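Shown below: structure.pdb, with PDB, C-alpha atoms.
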```
ATOM      1  CA  MET A   1     -22.928  -9.516 -22.350
ATOM      2  CA  VAL A   2     -21.408  -7.400 -19.555
ATOM      3  CA  VAL A   3     -17.816  -6.223 -19.908
ATOM      4  CA  SER A   4     -16.207  -3.378 -17.961
ATOM      5  CA  ILE A   5     -14.106  -1.241 -20.299
ATOM      6  CA  TYR A   6     -13.043   2.349 -20.869
ATOM      7  CA  LYS A   7     -12.829   3.316 -17.183
ATOM      8  CA  PHE A   8     -11.596   6.854 -17.701
ATOM      9  CA  LYS A   9     -11.886   9.761 -15.288
ATOM     10  CA  LEU A  10     -13.158  11.830 -18.209
ATOM     11  CA  TYR A  11     -16.339   9.767 -18.162
ATOM     12  CA  ASP A  12     -16.687   9.511 -14.361
ATOM     13  CA  GLY A  13     -16.014   5.795 -14.547
ATOM     14  CA  LYS A  14     -18.906   5.251 -16.971
ATOM     15  CA  ASP A  15     -18.678   3.322 -20.210
ATOM     16  CA  PRO A  16     -18.625   6.012 -22.941
ATOM     17  CA  ARG A  17     -20.205   3.561 -25.383
ATOM     18  CA  ASN A  18     -23.473   3.889 -23.482
ATOM     19  CA  LEU A  19     -23.562   7.653 -22.885
ATOM     20  CA  PRO A  20     -25.911   9.933 -24.898
ATOM     21  CA  ALA A  21     -23.684  11.464 -27.581
ATOM     22  CA  TYR A  22     -25.501  11.827 -30.910
ATOM     23  CA  SER A  23     -28.565  13.856 -31.831
ATOM     24  CA  LEU A  24     -31.105  12.294 -34.169
ATOM     25  CA  GLN A  25     -29.777  14.490 -36.977
ATOM     26  CA  GLU A  26     -26.171  13.413 -36.384
ATOM     27  CA  ALA A  27     -27.021   9.734 -36.099
ATOM     28  CA  SER A  28     -29.140  10.010 -39.240
ATOM     29  CA  ARG A  29     -26.236  11.504 -41.180
ATOM     30  CA  TYR A  30     -23.646   9.017 -39.948
ATOM     31  CA  THR A  31     -25.831   5.943 -40.612
ATOM     32  CA  GLN A  32     -27.729   7.250 -43.670
ATOM     33  CA  VAL A  33     -31.066   6.460 -42.052
ATOM     34  CA  PRO A  34     -33.785   9.141 -42.539
ATOM     35  CA  VAL A  35     -34.495  11.168 -39.402
ATOM     36  CA  ASP A  36     -38.188  10.230 -39.292
ATOM     37  CA  THR A  37     -37.367   6.537 -39.579
ATOM     38  CA  LEU A  38     -34.696   6.770 -36.905
ATOM     39  CA  ARG A  39     -37.040   8.678 -34.602
ATOM     40  CA  SER A  40     -39.600   5.870 -34.820
ATOM     41  CA  TRP A  41     -36.862   3.326 -34.025
ATOM     42  CA  VAL A  42     -35.725   5.102 -30.856
ATOM     43  CA  ARG A  43     -38.916   6.854 -29.687
ATOM     44  CA  GLY A  44     -41.646   4.609 -31.045
ATOM     45  CA  ARG A  45     -44.612   5.951 -32.962
ATOM     46  CA  SER A  46     -48.377   6.168 -32.852
ATOM     47  CA  TYR A  47     -50.483   4.751 -35.660
ATOM     48  CA  PRO A  48     -54.242   4.777 -36.288
ATOM     49  CA  THR A  49     -56.474   1.720 -36.240
ATOM     50  CA  GLU A  50     -60.193   1.409 -36.895
ATOM     51  CA  GLN A  51     -60.873   1.764 -33.178
ATOM     52  CA  ASP A  52     -58.247   4.232 -31.913
ATOM     53  CA  LEU A  53     -54.575   5.148 -31.892
ATOM     54  CA  LYS A  54     -52.046   2.500 -30.956
ATOM     55  CA  PHE A  55     -48.403   2.925 -30.023
ATOM     56  CA  SER A  56     -45.506   0.972 -31.496
ATOM     57  CA  GLU A  57     -42.698   0.591 -28.970
ATOM     58  CA  PRO A  58     -39.112   1.584 -29.866
ATOM     59  CA  ILE A  59     -36.764  -0.985 -31.367
ATOM     60  CA  ILE A  60     -33.614   0.704 -30.046
ATOM     61  CA  LYS A  61     -33.335   1.378 -26.309
ATOM     62  CA  LEU A  62     -31.864   4.793 -25.545
ATOM     63  CA  PRO A  63     -29.635   5.295 -22.483
ATOM     64  CA  ASN A  64     -32.001   8.017 -21.251
ATOM     65  CA  VAL A  65     -35.646   7.989 -22.332
ATOM     66  CA  ALA A  66     -36.022  11.686 -21.524
ATOM     67  CA  ASN A  67     -33.089  12.482 -23.815
ATOM     68  CA  ALA A  68     -33.502  11.700 -27.519
ATOM     69  CA  SER A  69     -29.733  11.419 -28.002
ATOM     70  CA  LEU A  70     -28.259   8.100 -29.088
ATOM     71  CA  SER A  71     -25.247   6.374 -27.573
ATOM     72  CA  PHE A  72     -22.402   4.763 -29.525
ATOM     73  CA  THR A  73     -24.049   1.397 -28.854
ATOM     74  CA  ASN A  74     -27.283   2.762 -30.334
ATOM     75  CA  LEU A  75     -25.306   3.996 -33.335
ATOM     76  CA  ILE A  76     -24.018   0.464 -33.909
ATOM     77  CA  GLU A  77     -27.573  -0.906 -33.654
ATOM     78  CA  THR A  78     -28.842   1.689 -36.126
ATOM     79  CA  HIS A  79     -26.007   0.872 -38.515
ATOM     80  CA  VAL A  80     -26.952  -2.828 -38.458
ATOM     81  CA  LEU A  81     -30.696  -2.204 -38.713
ATOM     82  CA  SER A  82     -30.112  -0.012 -41.759
ATOM     83  CA  ALA A  83     -28.730  -3.100 -43.522
ATOM     84  CA  ILE A  84     -32.087  -4.821 -43.036
ATOM     85  CA  ARG A  85     -33.851  -1.734 -44.323
ATOM     86  CA  ARG A  86     -31.821  -1.940 -47.539
ATOM     87  CA  LYS A  87     -33.201  -5.387 -48.311
ATOM     88  CA  HIS A  88     -36.789  -5.130 -47.049
ATOM     89  CA  HIS A  89     -39.315  -2.500 -46.122
ATOM     90  CA  LEU A  90     -38.833  -2.417 -42.388
ATOM     91  CA  ALA A  91     -41.817  -3.584 -40.365
ATOM     92  CA  MET A  92     -41.092  -2.619 -36.766
ATOM     93  CA  ALA A  93     -43.241  -5.344 -35.261
ATOM     94  CA  THR A  94     -41.507  -7.994 -37.366
ATOM     95  CA  VAL A  95     -38.005  -6.850 -36.481
ATOM     96  CA  ARG A  96     -38.967  -6.498 -32.830
ATOM     97  CA  ASN A  97     -40.144 -10.122 -32.725
ATOM     98  CA  ALA A  98     -36.819 -11.270 -34.153
ATOM     99  CA  LEU A  99     -34.861  -9.061 -31.742
ATOM    100  CA  ASP A 100     -36.935 -10.230 -28.782
ATOM    101  CA  TYR A 101     -35.926 -13.738 -29.729
ATOM    102  CA  LEU A 102     -32.230 -12.763 -29.678
ATOM    103  CA  GLU A 103     -32.601 -10.846 -26.410
ATOM    104  CA  ASN A 104     -34.072 -13.899 -24.729
ATOM    105  CA  GLU A 105     -31.540 -16.222 -26.343
ATOM    106  CA  PHE A 106     -28.465 -14.173 -25.426
ATOM    107  CA  LYS A 107     -29.783 -12.243 -22.396
ATOM    108  CA  SER A 108     -28.798  -8.934 -23.960
ATOM    109  CA  GLU A 109     -30.565  -5.584 -24.215
ATOM    110  CA  HIS A 110     -28.541  -4.693 -27.316
ATOM    111  CA  PRO A 111     -28.129  -7.929 -29.298
ATOM    112  CA  LEU A 112     -27.358  -6.164 -32.582
ATOM    113  CA  ALA A 113     -24.333  -4.470 -30.995
ATOM    114  CA  ASP A 114     -22.983  -7.569 -29.249
ATOM    115  CA  HIS A 115     -20.258  -9.827 -30.554
ATOM    116  CA  ASP A 116     -22.658 -12.754 -30.078
ATOM    117  CA  PHE A 117     -24.834 -11.340 -32.837
ATOM    118  CA  GLU A 118     -21.978 -11.435 -35.334
ATOM    119  CA  THR A 119     -21.080 -15.006 -34.409
ATOM    120  CA  ASP A 120     -23.965 -17.151 -33.161
ATOM    121  CA  GLY A 121     -26.762 -14.584 -33.427
ATOM    122  CA  LEU A 122     -26.533 -13.628 -37.090
ATOM    123  CA  ASP A 123     -27.802 -16.964 -38.415
ATOM    124  CA  LEU A 124     -30.531 -17.051 -35.773
ATOM    125  CA  PHE A 125     -31.687 -13.544 -36.617
ATOM    126  CA  VAL A 126     -31.696 -14.153 -40.368
ATOM    127  CA  GLU A 127     -33.619 -17.403 -39.907
ATOM    128  CA  LYS A 128     -36.144 -15.897 -37.496
ATOM    129  CA  TYR A 129     -36.612 -12.721 -39.522
ATOM    130  CA  GLY A 130     -36.832 -14.711 -42.748
ATOM    131  CA  LYS A 131     -39.603 -16.913 -41.366
ATOM    132  CA  LEU A 132     -41.542 -13.911 -40.093
ATOM    133  CA  ILE A 133     -41.593 -12.215 -43.486
ATOM    134  CA  ASN A 134     -41.728 -15.451 -45.454
ATOM    135  CA  VAL A 135     -38.665 -14.950 -47.641
ATOM    136  CA  SER A 136     -36.989 -17.741 -49.566
ATOM    137  CA  LYS A 137     -33.702 -19.350 -48.578
ATOM    138  CA  SER A 138     -31.985 -17.348 -51.303
ATOM    139  CA  GLY A 139     -33.576 -14.203 -49.894
ATOM    140  CA  GLN A 140     -32.254 -15.069 -46.443
ATOM    141  CA  MET A 141     -28.762 -15.561 -47.869
ATOM    142  CA  ALA A 142     -28.941 -12.176 -49.583
ATOM    143  CA  MET A 143     -29.963 -10.616 -46.275
ATOM    144  CA  LYS A 144     -27.074 -12.321 -44.501
ATOM    145  CA  ASP A 145     -24.610 -11.068 -47.128
ATOM    146  CA  ILE A 146     -25.773  -7.487 -46.648
ATOM    147  CA  LEU A 147     -25.663  -7.773 -42.862
ATOM    148  CA  SER A 148     -22.162  -9.248 -43.042
ATOM    149  CA  LEU A 149     -21.038  -6.328 -45.207
ATOM    150  CA  TYR A 150     -22.267  -3.892 -42.576
ATOM    151  CA  LEU A 151     -20.724  -5.896 -39.726
ATOM    152  CA  LYS A 152     -17.321  -5.577 -41.395
ATOM    153  CA  ARG A 153     -17.557  -1.834 -40.734
ATOM    154  CA  ILE A 154     -17.431  -2.502 -36.977
ATOM    155  CA  GLU A 155     -14.070  -3.020 -35.265
ATOM    156  CA  ARG A 156     -14.144  -4.916 -31.982
ATOM    157  CA  ASP A 157     -11.677  -5.285 -29.139
ATOM    158  CA  GLU A 158     -10.281  -8.549 -27.793
ATOM    159  CA  ASN A 159     -13.497  -9.060 -25.809
ATOM    160  CA  GLY A 160     -15.673  -8.721 -28.900
ATOM    161  CA  ILE A 161     -16.961  -5.302 -27.817
ATOM    162  CA  ALA A 162     -17.524  -2.737 -30.580
ATOM    163  CA  ARG A 163     -14.934   0.019 -30.227
ATOM    164  CA  GLN A 164     -14.987   1.678 -33.637
ATOM    165  CA  LEU A 165     -17.479   2.180 -36.431
ATOM    166  CA  PHE A 166     -16.360   3.015 -39.945
ATOM    167  CA  PRO A 167     -19.466   4.737 -41.339
ATOM    168  CA  PHE A 168     -20.271   4.669 -45.024
ATOM    169  CA  THR A 169     -19.139   7.998 -46.462
ATOM    170  CA  ARG A 170     -20.745   7.257 -49.813
ATOM    171  CA  SER A 171     -24.187   5.915 -50.604
ATOM    172  CA  SER A 172     -24.779   2.763 -48.585
ATOM    173  CA  ILE A 173     -27.179   1.579 -51.304
ATOM    174  CA  ASP A 174     -24.189   0.784 -53.520
ATOM    175  CA  ALA A 175     -21.988  -0.381 -50.641
ATOM    176  CA  HIS A 176     -19.376  -3.044 -51.303
ATOM    177  CA  ASP A 177     -16.318  -4.550 -49.629
ATOM    178  CA  GLY A 178     -14.068  -1.979 -51.284
ATOM    179  CA  GLU A 179     -15.691   0.954 -49.486
ATOM    180  CA  PRO A 180     -12.836   2.898 -47.791
ATOM    181  CA  LYS A 181     -12.510   2.961 -44.004
ATOM    182  CA  ILE A 182     -10.954   6.395 -43.798
ATOM    183  CA  VAL A 183     -13.447   7.892 -41.343
ATOM    184  CA  SER A 184     -14.038   6.296 -37.950
ATOM    185  CA  ILE A 185     -16.238   6.855 -34.908
ATOM    186  CA  ASP A 186     -14.716   5.873 -31.573
ATOM    187  CA  PRO A 187     -16.514   6.783 -28.311
ATOM    188  CA  THR A 188     -13.134   7.520 -26.673
ATOM    189  CA  VAL A 189     -11.829   9.858 -29.402
ATOM    190  CA  ALA A 190     -13.110  13.417 -29.932
ATOM    191  CA  PHE A 191     -16.087  12.599 -27.692
ATOM    192  CA  GLY A 192     -17.325  10.089 -30.249
ATOM    193  CA  LYS A 193     -17.523  12.460 -33.197
ATOM    194  CA  PRO A 194     -16.277  11.200 -36.596
ATOM    195  CA  VAL A 195     -12.562  11.669 -37.211
ATOM    196  CA  ILE A 196     -10.042  10.756 -39.875
ATOM    197  CA  SER A 197      -9.050   7.219 -38.867
ATOM    198  CA  GLY A 198      -5.902   7.002 -36.775
ATOM    199  CA  THR A 199      -6.039  10.697 -35.900
ATOM    200  CA  GLY A 200      -8.034  13.029 -33.692
ATOM    201  CA  ILE A 201      -8.974  15.289 -36.615
ATOM    202  CA  PRO A 202     -12.770  15.768 -36.573
ATOM    203  CA  THR A 203     -14.456  15.527 -39.951
ATOM    204  CA  ALA A 204     -16.717  18.446 -38.986
ATOM    205  CA  ILE A 205     -13.720  20.796 -38.749
ATOM    206  CA  VAL A 206     -12.342  19.599 -42.083
ATOM    207  CA  ALA A 207     -15.744  20.061 -43.746
ATOM    208  CA  GLU A 208     -16.172  23.522 -42.224
ATOM    209  CA  ARG A 209     -12.802  24.652 -43.592
ATOM    210  CA  TYR A 210     -13.742  23.342 -47.023
ATOM    211  CA  LYS A 211     -17.119  25.060 -46.800
ATOM    212  CA  THR A 212     -15.498  28.419 -46.060
ATOM    213  CA  GLY A 213     -13.444  28.251 -49.244
ATOM    214  CA  GLU A 214     -10.209  26.428 -48.472
ATOM    215  CA  SER A 215      -9.191  23.914 -51.110
ATOM    216  CA  ILE A 216      -8.833  20.211 -50.388
ATOM    217  CA  ALA A 217      -5.136  20.436 -51.257
ATOM    218  CA  GLU A 218      -4.610  23.260 -48.756
ATOM    219  CA  ILE A 219      -6.383  21.383 -45.968
ATOM    220  CA  ALA A 220      -4.460  18.185 -46.738
ATOM    221  CA  ALA A 221      -1.144  20.027 -46.611
ATOM    222  CA  ASP A 222      -2.062  21.751 -43.346
ATOM    223  CA  TYR A 223      -2.944  18.470 -41.618
ATOM    224  CA  GLN A 224      -0.260  16.493 -43.473
ATOM    225  CA  ARG A 225      -2.871  14.025 -44.674
ATOM    226  CA  GLU A 226      -3.606  12.443 -48.048
ATOM    227  CA  ILE A 227      -6.069  14.069 -50.456
ATOM    228  CA  ASP A 228      -8.444  11.095 -50.313
ATOM    229  CA  GLU A 229      -8.581  11.305 -46.506
ATOM    230  CA  ILE A 230      -9.736  14.926 -46.693
ATOM    231  CA  GLU A 231     -12.283  14.070 -49.379
ATOM    232  CA  GLU A 232     -13.795  11.273 -47.277
ATOM    233  CA  ALA A 233     -13.893  13.520 -44.201
ATOM    234  CA  ILE A 234     -15.925  16.021 -46.198
ATOM    235  CA  ARG A 235     -18.206  13.317 -47.575
ATOM    236  CA  CYS A 236     -18.974  12.244 -44.029
ATOM    237  CA  GLU A 237     -20.440  15.674 -43.272
ATOM    238  CA  PHE A 238     -22.052  16.511 -46.587
ATOM    239  CA  GLU A 239     -22.004  15.423 -50.213
ATOM    240  CA  LEU A 240     -18.731  16.395 -51.854
ATOM    241  CA  LYS A 241     -19.582  18.779 -54.678
ATOM    242  CA  ALA A 242     -16.120  19.357 -56.095
ATOM    243  CA  ALA A 243     -12.664  17.888 -55.648
TER
END
```
Could you write out this structure as structure tokens?
Amino acid sequence: MVVSIYKFKLYDGKDPRNLPAYSLQEASRYTQVPVDTLRSWVRGRSYPTEQDLKFSEPIIKLPNVANASLSFTNLIETHVLSAIRRKHHLAMATVRNALDYLENEFKSEHPLADHDFETDGLDLFVEKYGKLINVSKSGQMAMKDILSLYLKRIERDENGIARQLFPFTRSSIDAHDGEPKIVSIDPTVAFGKPVISGTGIPTAIVAERYKTGESIAEIAADYQREIDEIEEAIRCEFELKAA
């Protein structure tokens, strides 16, 4: 899918969704995927065999191979892949086979981030992945339910292009439809860093103020925001210890 959007001078006419913007540590925190796991997804990994070392190719294609930073598109892919990881122990070769199938079917380098995945591609992926790991029909349905839950955290524009991600600010293991969407990541707001939804207030600044001793009530009053918005902003950066 090729759509020209976000043609701003700030980005030299480039699509900010595809620019390197997140370190491995940041992407790990925002998607709740361990750093080592995420590194293997974007950089590949070596593994021993009886004969010698072999290399497993990356699942996620970075915008710049020499730069380990992820783009917003990569963040969306990681977010969706983490749903699969919740249900099954992730086998890179297995997932890659299923993704290769989608890439060929939809002619896309980033099928997990495309609107086609959410519509036509989701059933195809679940079916293909399910066959590869030999799960039952009920297991495939459970996988689809989890993937659908994660897809609801992605807001798309009229062209079906992902424009905002609402990351889980609490444990994604216990995620449900009622999870608040107070924090958002938009590649055109605050250079793609998490903010309180509908504002340009970075969660990192809110968390830093809380860390230095300011109370949640004080921060909320200063920004004229609700208490729960400040709490979720802090949760996005680190586990909230006290309210």
**Item:** Neighbour residues at most 9 Å from (-18.4, -9.1, -29.9) (only C-alpha atoms) as a list in words
**Value:** Met1, Ala113, Asp114, His115, Asp116, Phe117, Glu118, Thr119, Arg156, Asp157, Glu158, Asn159, Gly160, Ile161 and Ala162 of chain A
**Request:** For Ser28 (chain A), list every protein, DNA or RNA residue within 12 Å, evaluated using all atoms listed in the file, and leave out those in the same chain fewer than 2 positions away; present the list as a PyMOL selection string.
**Result:** chain A and resi 22-26+30-39+41-42+69-70+74-75+78-79+82+167-168+236-237
**Message:** Applying the PyMOL selection byres ((chain A and resi 196) around 6) to the file I just gave you, which residues come out? Please list them as an NGL selection string.
**Reply:** :A and (182-183 or 195 or 197 or 199 or 201)
**Asked** Suppose you want the space between CA of Leu102 (chain A) and CA of Gly121 (chain A); what is it in Å?
**Response**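 The value is 6.9 Å.
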**Request:** Translate the PyMOL selection byres ((chain A and resi 21) around 12), as applied to the file shown, into an explicit residue set as a PyMOL selection string.
**Result:** chain A and resi 16-20+22-27+62-64+67-75+185-188+190-194
**Complete:** Taken to one decimal, the CA of Met143 (chain A)-CA of Ala83 (chain A) distance is 8.1 Å
**Message:** One decimal, in Å: what's the spacing between CA of Ile60 (chain A) and CA of Glu77 (chain A)?
**Reply:** 7.2 Å
**Message:** Neighbouring residues of region 208-225 of chain A were defined as those with any atom within 12 Å, considering only C-alpha atoms; residues of the same chain fewer than 4 positions away were excluded. Please report them as a list of chain:residue names.
**Reply:**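 Answer for this query is A:Ile182, A:Ile196, A:Ser197, A:Gly198, A:Thr199, A:Gly200, A:Ile201, A:Pro202, A:Thr203, A:Ala204, A:Glu229, A:Ile230, A:Glu231, A:Glu232, A:Ala233, A:Ile234, A:Arg235, A:Cys236, A:Glu237, A:Phe238, A:Glu239, A:Leu240, A:Lys241, A:Ala242, A:Ala243.
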**Complete:** Counting all atoms listed in the file, closest pick from A:Arg29, A:Ile154, A:Glu226, A:Val65 relative to Arg43 (chain A) is A:Val65
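Minimum distance to Asp145 (chain A) across A:Ile84, A:Val206, A:Val95, A:Ile76 (counting all atoms listed in the file) occurs at A:Ile84.
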**Exercise: Arg153 (chain A) partners within 10 Å, all atoms listed in the file, chain neighbours under 4 positions left out, as JSON, numbers by chain** = {"A": [76, 79, 80, 148, 149, 164, 165, 166, 167, 168, 177, 179, 180, 181, 184]}
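Nearest residue to Leu81 (chain A) among A:Pro58, A:Lys128, A:Ala207, A:Leu147 is A:Leu147, counting only C-alpha atoms.
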I'd like the box whose edges run along x, y and z of the file and which contains every listed atom of region 59-69 of chain A, padded by 5 Å per side; could you state its centre and edge lengths in Å, one decimal, as JSON?
```
{"center_x": -33.2, "center_y": 5.7, "center_z": -26.3, "size_x": 17.1, "size_y": 23.5, "size_z": 20.1}
```
